[in-house]
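Here the structure comes first, spelled out in structure tokens, and everything after it is commentary.
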Amino acid sequence: MKEATPYLIFDGKCREAMTFYQSCLGGELSVMTFGESGQKTAPEEKDRVMHARLANGPMVLMASDNMPGMDYRQGNNVWTTLECDSDEQVDRLYAALNAGGKDSMAPSDTFWGAYFAMLTDRFGFHWMVNHTKQSPG
């Protein structure tokens, strides 16, 4: 495994928050909206942030606005992302962490060039398990 990274979920304020964190922490901020993703998106969702990444040296913070249709509650808005070395490692970690937990998204290839899964473990903590196959464009 390469790294574990906090992933913050906002309810429409992701760009504002990540811009604020950039002003505090420095670094380079990249932001992709739902409208820019190329995925079918309702007009009222197009400006919401699908993925943001703030990097300053080894410090990385990732975030998004909550996905369309997903409930937003304070307390379910922090996930930990595990960056894996292979698809097989994603499958192994997903199965291990998901034992007694709740599936959110089974491991699958994504349009952004990764093999990715989401789950909530039996203790209520949220995980994203990812293997980046190509650099996001």
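In the structure tokens, chains take letters A, B, ... by order of appearance, with residues numbered from 1 within each chain and ligands from 1 in the order shown.
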
Item to complete: Skip stretch 104-114 of chain A itself and residues of its chain fewer than 4 positions away, then list as a list in words all residues within 10 Å of it, counting only C-alpha atoms.
Response: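 Once the nearby chain positions are removed, what remains is Ser37, Gly38, Gln39, Ser86, Asp87, Val90, Asp91, Tyr94, Ala95, Asn98, Met118, Leu119, Thr120, His126, Trp127, Met128, Val129, Asn130, His131, Thr132, Lys133, Gln134, Ser135, Pro136 and Gly137 of chain A.
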
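Per DSSP on the backbone, helix (DSSP H, G or I) in stretch 8-82 of chain A comprises Cys14, Arg15, Glu16, Ala17, Met18, Thr19, Phe20, Tyr21, Gln22, Ser23, Cys24, Leu25, Gly35, Glu36, Ser37, Pro43, Glu44 and Glu45 of chain A.
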
Once you have the residues from the selection above, write them out as a compact mmCIF listing (two decimals), in the first residue's frame, restricted to all heavy atoms.
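This is the output file selection.txt:
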# COMPACT_ATOMS: atom_id res chain seq x y z
N CYS A 14 -17.52 22.47 -0.93
CA CYS A 14 -16.19 21.89 -1.10
C CYS A 14 -15.20 22.89 -1.69
O CYS A 14 -14.09 23.05 -1.17
CB CYS A 14 -16.27 20.65 -1.98
SG CYS A 14 -14.67 19.84 -2.20
N ARG A 15 -15.55 23.57 -2.78
CA ARG A 15 -14.62 24.52 -3.40
C ARG A 15 -14.22 25.61 -2.41
O ARG A 15 -13.05 25.94 -2.26
CB ARG A 15 -15.22 25.14 -4.66
CG ARG A 15 -14.24 26.07 -5.39
CD ARG A 15 -14.86 26.73 -6.61
NE ARG A 15 -15.32 25.79 -7.61
CZ ARG A 15 -14.56 25.26 -8.56
NH1 ARG A 15 -13.28 25.57 -8.62
NH2 ARG A 15 -15.07 24.43 -9.44
N GLU A 16 -15.19 26.16 -1.70
CA GLU A 16 -14.92 27.21 -0.71
C GLU A 16 -13.97 26.70 0.38
O GLU A 16 -12.99 27.35 0.74
CB GLU A 16 -16.23 27.68 -0.10
CG GLU A 16 -16.08 28.73 0.98
CD GLU A 16 -17.40 29.10 1.64
OE1 GLU A 16 -18.48 28.74 1.13
OE2 GLU A 16 -17.34 29.76 2.69
N ALA A 17 -14.26 25.50 0.90
CA ALA A 17 -13.43 24.94 1.97
C ALA A 17 -12.02 24.63 1.49
O ALA A 17 -11.03 24.96 2.17
CB ALA A 17 -14.09 23.68 2.52
N MET A 18 -11.89 24.00 0.33
CA MET A 18 -10.56 23.63 -0.16
C MET A 18 -9.73 24.86 -0.53
O MET A 18 -8.52 24.87 -0.34
CB MET A 18 -10.68 22.66 -1.33
CG MET A 18 -11.23 21.30 -0.92
SD MET A 18 -10.22 20.40 0.29
CE MET A 18 -8.95 19.74 -0.81
N THR A 19 -10.38 25.90 -1.02
CA THR A 19 -9.67 27.15 -1.29
C THR A 19 -9.17 27.76 0.02
O THR A 19 -8.04 28.25 0.10
CB THR A 19 -10.59 28.14 -2.05
OG1 THR A 19 -10.98 27.53 -3.28
CG2 THR A 19 -9.89 29.45 -2.33
N PHE A 20 -10.01 27.68 1.06
CA PHE A 20 -9.60 28.15 2.39
C PHE A 20 -8.41 27.33 2.90
O PHE A 20 -7.41 27.88 3.37
CB PHE A 20 -10.77 28.06 3.37
CG PHE A 20 -10.39 28.29 4.79
CD1 PHE A 20 -10.07 29.56 5.25
CD2 PHE A 20 -10.32 27.23 5.68
CE1 PHE A 20 -9.71 29.78 6.58
CE2 PHE A 20 -9.96 27.43 7.00
CZ PHE A 20 -9.65 28.72 7.45
N TYR A 21 -8.49 25.99 2.80
CA TYR A 21 -7.39 25.14 3.27
C TYR A 21 -6.11 25.42 2.48
O TYR A 21 -5.02 25.42 3.05
CB TYR A 21 -7.76 23.66 3.17
CG TYR A 21 -8.93 23.27 4.05
CD1 TYR A 21 -9.82 22.30 3.66
CD2 TYR A 21 -9.14 23.87 5.29
CE1 TYR A 21 -10.91 21.94 4.46
CE2 TYR A 21 -10.21 23.53 6.09
CZ TYR A 21 -11.09 22.57 5.68
OH TYR A 21 -12.16 22.22 6.47
N GLN A 22 -6.24 25.71 1.20
CA GLN A 22 -5.06 26.05 0.40
C GLN A 22 -4.44 27.35 0.92
O GLN A 22 -3.23 27.46 1.01
CB GLN A 22 -5.43 26.20 -1.07
CG GLN A 22 -4.22 26.52 -1.94
CD GLN A 22 -4.59 26.77 -3.39
OE1 GLN A 22 -5.68 27.26 -3.69
NE2 GLN A 22 -3.68 26.43 -4.29
N SER A 23 -5.27 28.33 1.29
CA SER A 23 -4.73 29.59 1.81
C SER A 23 -4.02 29.37 3.15
O SER A 23 -3.08 30.09 3.47
CB SER A 23 -5.83 30.65 1.95
OG SER A 23 -6.68 30.37 3.05
N CYS A 24 -4.45 28.37 3.90
CA CYS A 24 -3.83 28.07 5.19
C CYS A 24 -2.60 27.18 5.04
O CYS A 24 -1.59 27.39 5.71
CB CYS A 24 -4.82 27.36 6.11
SG CYS A 24 -6.26 28.33 6.57
N LEU A 25 -2.69 26.15 4.19
CA LEU A 25 -1.68 25.11 4.11
C LEU A 25 -0.74 25.25 2.92
O LEU A 25 0.28 24.56 2.85
CB LEU A 25 -2.36 23.73 4.03
CG LEU A 25 -3.32 23.40 5.17
CD1 LEU A 25 -4.10 22.13 4.85
CD2 LEU A 25 -2.57 23.27 6.48
N GLY A 35 -20.10 18.60 -13.49
CA GLY A 35 -20.31 19.01 -14.88
C GLY A 35 -19.09 18.77 -15.76
O GLY A 35 -19.22 18.43 -16.93
N GLU A 36 -17.90 18.92 -15.21
CA GLU A 36 -16.67 18.72 -15.97
C GLU A 36 -16.29 17.25 -16.12
O GLU A 36 -15.44 16.90 -16.94
CB GLU A 36 -15.50 19.44 -15.28
CG GLU A 36 -15.63 20.94 -15.26
CD GLU A 36 -14.65 21.61 -14.30
OE1 GLU A 36 -14.14 20.95 -13.36
OE2 GLU A 36 -14.39 22.81 -14.50
N SER A 37 -16.93 16.37 -15.37
CA SER A 37 -16.53 14.96 -15.33
C SER A 37 -16.90 14.18 -16.58
O SER A 37 -16.35 13.11 -16.81
CB SER A 37 -17.16 14.27 -14.11
OG SER A 37 -18.55 14.07 -14.33
N PRO A 43 -28.63 19.47 -14.09
CA PRO A 43 -28.13 20.85 -14.20
C PRO A 43 -27.84 21.50 -12.85
O PRO A 43 -26.86 22.23 -12.72
CB PRO A 43 -29.27 21.58 -14.93
CG PRO A 43 -29.99 20.52 -15.68
CD PRO A 43 -29.86 19.27 -14.85
N GLU A 44 -28.64 21.22 -11.84
CA GLU A 44 -28.42 21.84 -10.53
C GLU A 44 -27.21 21.25 -9.80
O GLU A 44 -26.74 21.80 -8.81
CB GLU A 44 -29.67 21.73 -9.65
CG GLU A 44 -30.09 20.33 -9.29
CD GLU A 44 -31.01 19.65 -10.33
OE1 GLU A 44 -31.18 20.18 -11.45
OE2 GLU A 44 -31.53 18.58 -10.00
N GLU A 45 -26.66 20.14 -10.30
CA GLU A 45 -25.49 19.49 -9.68
C GLU A 45 -24.18 19.83 -10.40
O GLU A 45 -23.11 19.51 -9.90
CB GLU A 45 -25.67 17.97 -9.69
CG GLU A 45 -26.92 17.47 -9.01
CD GLU A 45 -26.84 17.54 -7.51
OE1 GLU A 45 -25.73 17.64 -6.95
OE2 GLU A 45 -27.90 17.50 -6.87

Excluding stretch 51-66 of chain A and residues on its chain fewer than 5 positions from it, collect all residues at most 7 Å away from it, counting only C-alpha atoms, and give them as a PDB file with N, CA and C atoms, in the first residue's frame.
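So the final result, stored in part-v1.pdb, reads:
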ATOM      1  N   THR A   5      -5.039   8.598   3.055  1.00  0.00           N
ATOM      2  CA  THR A   5      -5.311  10.022   2.907  1.00  0.00           C
ATOM      3  C   THR A   5      -6.714  10.354   3.405  1.00  0.00           C
ATOM      4  N   PRO A   6      -6.874  11.409   4.218  1.00  0.00           N
ATOM      5  CA  PRO A   6      -8.232  11.805   4.611  1.00  0.00           C
ATOM      6  C   PRO A   6      -9.006  12.340   3.405  1.00  0.00           C
ATOM      7  N   TYR A   7     -10.293  12.008   3.345  1.00  0.00           N
ATOM      8  CA  TYR A   7     -11.177  12.464   2.275  1.00  0.00           C
ATOM      9  C   TYR A   7     -12.383  13.109   2.936  1.00  0.00           C
ATOM     10  N   LEU A   8     -12.546  14.410   2.729  1.00  0.00           N
ATOM     11  CA  LEU A   8     -13.601  15.180   3.377  1.00  0.00           C
ATOM     12  C   LEU A   8     -14.781  15.354   2.431  1.00  0.00           C
ATOM     13  N   ILE A   9     -15.997  15.235   2.962  1.00  0.00           N
ATOM     14  CA  ILE A   9     -17.211  15.382   2.165  1.00  0.00           C
ATOM     15  C   ILE A   9     -17.952  16.631   2.652  1.00  0.00           C
ATOM     16  N   PHE A  10     -18.339  17.478   1.697  1.00  0.00           N
ATOM     17  CA  PHE A  10     -19.054  18.715   1.997  1.00  0.00           C
ATOM     18  C   PHE A  10     -20.428  18.697   1.332  1.00  0.00           C
ATOM     19  N   ASP A  11     -21.303  19.559   1.787  1.00  0.00           N
ATOM     20  CA  ASP A  11     -22.641  19.677   1.213  1.00  0.00           C
ATOM     21  C   ASP A  11     -22.732  20.970   0.423  1.00  0.00           C
ATOM     22  N   GLY A  12     -21.984  21.023  -0.702  1.00  0.00           N
ATOM     23  CA  GLY A  12     -22.026  22.194  -1.570  1.00  0.00           C
ATOM     24  C   GLY A  12     -20.972  23.238  -1.277  1.00  0.00           C
ATOM     25  N   LYS A  13     -20.124  23.036  -0.287  1.00  0.00           N
ATOM     26  CA  LYS A  13     -19.119  24.033   0.080  1.00  0.00           C
ATOM     27  C   LYS A  13     -17.690  23.534  -0.120  1.00  0.00           C
ATOM     28  N   CYS A  14     -17.517  22.475  -0.931  1.00  0.00           N
ATOM     29  CA  CYS A  14     -16.187  21.890  -1.102  1.00  0.00           C
ATOM     30  C   CYS A  14     -15.196  22.894  -1.687  1.00  0.00           C
ATOM     31  N   GLN A  22      -6.242  25.709   1.199  1.00  0.00           N
ATOM     32  CA  GLN A  22      -5.064  26.054   0.400  1.00  0.00           C
ATOM     33  C   GLN A  22      -4.436  27.352   0.918  1.00  0.00           C
ATOM     34  N   GLY A  26      -1.093  26.131   1.964  1.00  0.00           N
ATOM     35  CA  GLY A  26      -0.305  26.258   0.744  1.00  0.00           C
ATOM     36  C   GLY A  26      -0.558  25.077  -0.165  1.00  0.00           C
ATOM     37  N   GLY A  27       0.251  24.956  -1.204  1.00  0.00           N
ATOM     38  CA  GLY A  27       0.155  23.815  -2.101  1.00  0.00           C
ATOM     39  C   GLY A  27      -0.649  24.086  -3.345  1.00  0.00           C
ATOM     40  N   GLU A  28      -0.791  23.030  -4.142  1.00  0.00           N
ATOM     41  CA  GLU A  28      -1.504  23.109  -5.416  1.00  0.00           C
ATOM     42  C   GLU A  28      -2.870  22.453  -5.271  1.00  0.00           C
ATOM     43  N   LEU A  29      -3.902  23.162  -5.710  1.00  0.00           N
ATOM     44  CA  LEU A  29      -5.273  22.679  -5.616  1.00  0.00           C
ATOM     45  C   LEU A  29      -5.806  22.365  -7.005  1.00  0.00           C
ATOM     46  N   SER A  30      -6.332  21.159  -7.185  1.00  0.00           N
ATOM     47  CA  SER A  30      -7.030  20.818  -8.425  1.00  0.00           C
ATOM     48  C   SER A  30      -8.464  20.455  -8.066  1.00  0.00           C
ATOM     49  N   VAL A  31      -9.399  20.899  -8.908  1.00  0.00           N
ATOM     50  CA  VAL A  31     -10.826  20.714  -8.649  1.00  0.00           C
ATOM     51  C   VAL A  31     -11.510  20.269  -9.936  1.00  0.00           C
ATOM     52  N   MET A  32     -12.361  19.234  -9.839  1.00  0.00           N
ATOM     53  CA  MET A  32     -13.200  18.803 -10.960  1.00  0.00           C
ATOM     54  C   MET A  32     -14.649  18.812 -10.493  1.00  0.00           C
ATOM     55  N   THR A  33     -15.511  19.491 -11.246  1.00  0.00           N
ATOM     56  CA  THR A  33     -16.927  19.511 -10.907  1.00  0.00           C
ATOM     57  C   THR A  33     -17.637  18.326 -11.549  1.00  0.00           C
ATOM     58  N   TYR A  72     -26.416  13.664   3.416  1.00  0.00           N
ATOM     59  CA  TYR A  72     -25.284  14.336   4.064  1.00  0.00           C
ATOM     60  C   TYR A  72     -25.638  14.553   5.531  1.00  0.00           C
TER      61      TYR A  72
END

Item to complete: Identify, with DSSP run on backbone atoms, the residues in chain A assigned to strand (DSSP E or B), and express the list as a PyMOL selection string.
Response: chain A and resi 3-10+28-33+49-56+59-65+78-83+102-109+114-120+126-132

Item to complete: Can you work out the spacing between atom CA of A:Val78 and atom CA of A:Met50 in Å, to one decimal?
Response: 15.0 Å
